[in-house]
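Asker: Have a look at the structure that comes next, please.
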Amino acid sequence: MHWSEARDLVRKWREDNARKSQELVEIWESTLKDKVHKLGDEQFQVLEQVCIGAIDCHRIDVAEYCLKKLTSQFKDSSRILLLSAMEFEAVEMYDDAIEILDAMIKRDETNPAPRKRKIAILRSRGRTIEAIKALTDYLKRFAIDQEAWQELCDLYLIEQEYGKAAFCMEELILHNPHNHLFHERLAEIRYTQGGFDNLESARSYYCQALKLNRNNMRALFGLYLTAYSIATSQKCVSAKKKEAHSLMSWAMKRISQRYKETAADKSQIDALEGLMGSLQLGSNSNL
Amino acid sequence: MATTYHKTITAVGLIFLFHAAYSAAQHRSFLRLTEQEFTSLPVDVIVQGIVSLFLTMYGVMYIAGDFKEIRATEELQSKTWETQRNLPSFYCFNHRGRLLRSYS
């Protein structure tokens with residue numbers, strides 16, 4: 001691979017925020033390491049990215065190398081300190097990491113990054129409840145941090161606090177009303193909660209997700225299952241039953257249409273039909 | 001995409017535009033010298049100015065790059081949950097990745 005191709009690929013991963021740590025380290029070692037000076041000012045961003053990727057793969061040697069290069073350029077930067085704290089985290093020397101992070105917070109109270117790392121450390125240590133508490137405190141100060149809301153949602157889901165997780169997702173939807181993924185996620189949480197009212201709200205959010213992106217397969221399947229559960233629920237009045245049935249047939253039609261567009265051979269479509277049959281049985285037993 | 005064709009069009013348009021401006025200035029100084037009253041510019045200068053303006057606009061539109069979709073959802077269509085759920089500032093490093101180091 002040519003170094004400019006590697007640069008473009010790495011840049012794409014950085015902008016999309018993909019966690020491709022192993023591939024990143026491989027590209028670094030095979031191509032970018034010798035050419036990094038050709039990247040101009042972008043090289044420092046790449047070095048930081050590779051450093052995090054290397055820590056993620058537990059390649060401490062690579063991380064050390066990147067960190068040394070970065071330190072020689074930026075002596076007293078907080079981002080460098082953050083990287084060295086991450087390195088301590090990777091070798092599970094959490095106390096040393098926390099020491100660095102505390103010093104950083106003391107130096108600059110408005111910097112959210114070290115606070116977030118401290119919460120990540122709590123999560124690494126398996127102290128989810130403490131992490132949730134720290135994160136809610138953090139969100140009181142930095143209420144527009146979307147990443148933090150999303151992390152809080154994940155943590156609540158680990159603890160099976162679906163109602164609170166749904167609240168975090170609603171917050172994220174307020175920040176990004178056009179992102180179909182958040183609508184889909186909230187619908188999934190509501191569907192997991194169960195109960196007639198939650199199913200109704202799951203249905204609306206699945207519909208909104210599909211309105212924003214017609215090709216969201218997961219939302220189509222979700223809508224199908226939700227509509228099925230609504231239709232077979234005892235609380236359902238007949239008018240709503242009819243509506244649920246029409247939603248079901250619409251979702252089914254869209255799913256099979258999408259499969260026909262992309263399926264290579266007929267066996268995949270047959271597999272889909274079998275799957276739909278078993279999905280109905282599966283959701284029946286849940287009711 | 002910016003092709004040589006569109007670059008040429010822009011360059012020609014700009015040159016014509018400057019030429020039209022220069023002609024207008026020349027016309028004014030000619031009027032001053034011959035002590036005539038200024039009513040309006042000659043038709044050919046006006047036409048040249050307008051045509052070259054549109055020519056330049058057409059060329060610049062192609063040079064400036066591709067248009068972006070105006071609908072807000074369009075950009076998010078291709079996003080997947082795989083990248084959306086990934087939160088770089090909350091990475092945890094105590095996962096099984098360290099045991100998969102055999103490739104190194």
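In the structure tokens, the first chain shown is A, the next is B, and so on; residue numbers restart at 1 for each chain, and ligands run from 1 in the order shown.
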Please, which residues of segment 35-223 of chain A, numbered as in this document, come out helix (DSSP H, G or I) from DSSP, as a PyMOL selection string?

Answerer: chain A and resi 35-39+42-56+60-73+78-90+94-107+112-124+128-141+146-158+162-175+180-193+196-212+217-223

Asker: Dump as CSV the rows for residues of chain B within 10 Å of chain A: closest atom pair and distance in Å with one decimal, only C-alpha atoms counted, ordered by chain and rising residue number.

Answerer:
residue,atom,partner,partner_atom,distance
B:Arg71,CA,A:His178,CA,9.6
B:Ala72,CA,A:His178,CA,6.6
B:Thr73,CA,A:His178,CA,5.6
B:Glu74,CA,A:Asn213,CA,8.3
B:Glu75,CA,A:Asn179,CA,9.4
B:Leu76,CA,A:Asn179,CA,6.3
B:Gln77,CA,A:Asn213,CA,5.9
B:Ser78,CA,A:Asn213,CA,9.1
B:Lys79,CA,A:Leu181,CA,8.1
B:Thr80,CA,A:Leu181,CA,7.4
B:Trp81,CA,A:Leu181,CA,6.4
B:Glu82,CA,A:Ala18,CA,7.7
B:Thr83,CA,A:Ala18,CA,5.3
B:Gln84,CA,A:Leu181,CA,7.9
B:Arg85,CA,A:Gln150,CA,7.7
B:Asn86,CA,A:Asn17,CA,6.9
B:Leu87,CA,A:Glu147,CA,6.3
B:Pro88,CA,A:Asn17,CA,7.3
B:Ser89,CA,A:Lys116,CA,6.5
B:Phe90,CA,A:Ala120,CA,5.1
B:Tyr91,CA,A:Ala120,CA,6.6
B:Cys92,CA,A:Ser124,CA,5.6
B:Phe93,CA,A:Ala90,CA,5.3
B:Asn94,CA,A:Ser124,CA,6.3
B:His95,CA,A:Asp56,CA,8.5
B:Arg96,CA,A:Cys57,CA,9.1
B:Gly97,CA,A:Cys57,CA,5.5
B:Arg98,CA,A:His58,CA,5.0
B:Leu99,CA,A:His58,CA,8.6
B:Leu100,CA,A:Cys57,CA,8.0
B:Arg101,CA,A:Cys57,CA,7.4
B:Tyr103,CA,A:Glu26,CA,9.6
B:Ser104,CA,A:Arg59,CA,8.6

Asker: Got a sec: who's within 10 Å of segment 2-7 of chain B, counting only C-alpha atoms, leaving out chain neighbours fewer than 4 positions off, as a PDB file with N, CA and C atoms, in the first residue's frame?

Answerer:
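See part-v6.pdb below for the written result:
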ATOM      1  N   ALA B  11     -11.643  31.059 -16.660  1.00  0.00           N
ATOM      2  CA  ALA B  11     -10.590  32.019 -17.010  1.00  0.00           C
ATOM      3  C   ALA B  11     -11.074  32.967 -18.107  1.00  0.00           C
ATOM      4  N   VAL B  12     -11.695  32.394 -19.151  1.00  0.00           N
ATOM      5  CA  VAL B  12     -12.196  33.221 -20.253  1.00  0.00           C
ATOM      6  C   VAL B  12     -13.246  34.203 -19.739  1.00  0.00           C
ATOM      7  N   GLY B  13     -14.152  33.685 -18.883  1.00  0.00           N
ATOM      8  CA  GLY B  13     -15.206  34.533 -18.324  1.00  0.00           C
ATOM      9  C   GLY B  13     -14.619  35.702 -17.551  1.00  0.00           C
ATOM     10  N   LEU B  55     -20.950  33.276 -17.499  1.00  0.00           N
ATOM     11  CA  LEU B  55     -19.930  32.303 -17.894  1.00  0.00           C
ATOM     12  C   LEU B  55     -19.039  31.960 -16.691  1.00  0.00           C
ATOM     13  N   THR B  56     -18.609  33.014 -15.971  1.00  0.00           N
ATOM     14  CA  THR B  56     -17.750  32.796 -14.802  1.00  0.00           C
ATOM     15  C   THR B  56     -18.495  32.003 -13.735  1.00  0.00           C
ATOM     16  N   TYR B  58     -20.894  29.884 -14.091  1.00  0.00           N
ATOM     17  CA  TYR B  58     -21.028  28.494 -14.527  1.00  0.00           C
ATOM     18  C   TYR B  58     -19.744  27.717 -14.264  1.00  0.00           C
ATOM     19  N   GLY B  59     -18.608  28.351 -14.625  1.00  0.00           N
ATOM     20  CA  GLY B  59     -17.326  27.672 -14.444  1.00  0.00           C
ATOM     21  C   GLY B  59     -17.011  27.457 -12.973  1.00  0.00           C
ATOM     22  N   VAL B  60     -17.228  28.486 -12.152  1.00  0.00           N
ATOM     23  CA  VAL B  60     -16.886  28.414 -10.725  1.00  0.00           C
ATOM     24  C   VAL B  60     -17.695  27.325 -10.039  1.00  0.00           C
ATOM     25  N   MET B  61     -18.960  27.172 -10.482  1.00  0.00           N
ATOM     26  CA  MET B  61     -19.820  26.175  -9.862  1.00  0.00           C
ATOM     27  C   MET B  61     -19.213  24.780  -9.969  1.00  0.00           C
ATOM     28  N   TYR B  62     -18.549  24.496 -11.100  1.00  0.00           N
ATOM     29  CA  TYR B  62     -17.958  23.171 -11.261  1.00  0.00           C
ATOM     30  C   TYR B  62     -16.617  23.068 -10.556  1.00  0.00           C
ATOM     31  N   ILE B  63     -15.893  24.194 -10.434  1.00  0.00           N
ATOM     32  CA  ILE B  63     -14.565  24.148  -9.813  1.00  0.00           C
ATOM     33  C   ILE B  63     -14.686  24.024  -8.298  1.00  0.00           C
ATOM     34  N   ALA B  64     -15.721  24.635  -7.736  1.00  0.00           N
ATOM     35  CA  ALA B  64     -15.815  24.705  -6.269  1.00  0.00           C
ATOM     36  C   ALA B  64     -16.001  23.342  -5.613  1.00  0.00           C
ATOM     37  N   GLY B  65     -16.316  22.293  -6.381  1.00  0.00           N
ATOM     38  CA  GLY B  65     -16.472  20.967  -5.794  1.00  0.00           C
ATOM     39  C   GLY B  65     -17.905  20.505  -5.858  1.00  0.00           C
ATOM     40  N   ASP B  66     -18.113  19.275  -5.373  1.00  0.00           N
ATOM     41  CA  ASP B  66     -19.449  18.688  -5.474  1.00  0.00           C
ATOM     42  C   ASP B  66     -20.426  19.364  -4.527  1.00  0.00           C
TER      43      ASP B  66
END

Asker: Show which residues sit within 12 Å of Asp197 of chain A, as a PyMOL selection string. Count only C-alpha atoms, and ignore same-chain residues fewer than 2 positions away.

Answerer: chain A and resi 190-191+193-195+199-204+226+229-230+233+235-236

Asker: Would you mind reading off the distance between atom CA of Ala227 of chain A and atom CA of Lys266 of chain A, one decimal, in Å?

Answerer: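 Atom CA of Ala227 of chain A sits 27.2 Å away from atom CA of Lys266 of chain A.
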
Asker: Rounded to one decimal in Å, what is the spacing between atom CA of Lys242 of chain A and atom CA of Phe221 of chain A?

Answerer: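 These two atoms are separated by 18.8 Å.
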
Asker: Counting only C-alpha atoms, what is within 8 Å of Ile100 of chain A, bar same-chain residues fewer than 6 positions away, as a short mmCIF file (atom, residue, chain, number, x, y, z; two decimals) with N, CA and C atoms, in the first residue's frame?

Answerer:
data_model
loop_
_atom_site.label_atom_id
_atom_site.label_comp_id
_atom_site.auth_asym_id
_atom_site.auth_seq_id
_atom_site.Cartn_x
_atom_site.Cartn_y
_atom_site.Cartn_z
N LEU A 81 -0.32 14.00 28.18
CA LEU A 81 -0.51 13.45 29.52
C LEU A 81 -1.63 12.41 29.52
N LEU A 82 -2.68 12.74 28.77
CA LEU A 82 -3.81 11.82 28.68
C LEU A 82 -3.38 10.48 28.09
N ALA A 85 -1.50 8.52 30.59
CA ALA A 85 -2.43 7.92 31.56
C ALA A 85 -3.09 6.68 30.97
#

Asker: Considering only C-alpha atoms, return as an MDAnalysis selection string whatever protein or nucleic-acid residues lie within 9 Å of Ser256 of chain A, sequence-local ones (same chain, fewer than 6 positions apart) excluded.

Answerer: chainID A and resid 269 272:273

Asker: Take the selection from the previous step and output its residues with C-alpha atoms, as a PDB file, in the first residue's frame.

Answerer:
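Full text of again_26.pdb as output:
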ATOM      1  CA  ILE A 269     -34.723 -15.735   0.552  1.00  0.00           C
ATOM      2  CA  LEU A 272     -35.466 -15.319   5.444  1.00  0.00           C
ATOM      3  CA  GLU A 273     -38.877 -16.933   5.224  1.00  0.00           C
TER       4      GLU A 273
END
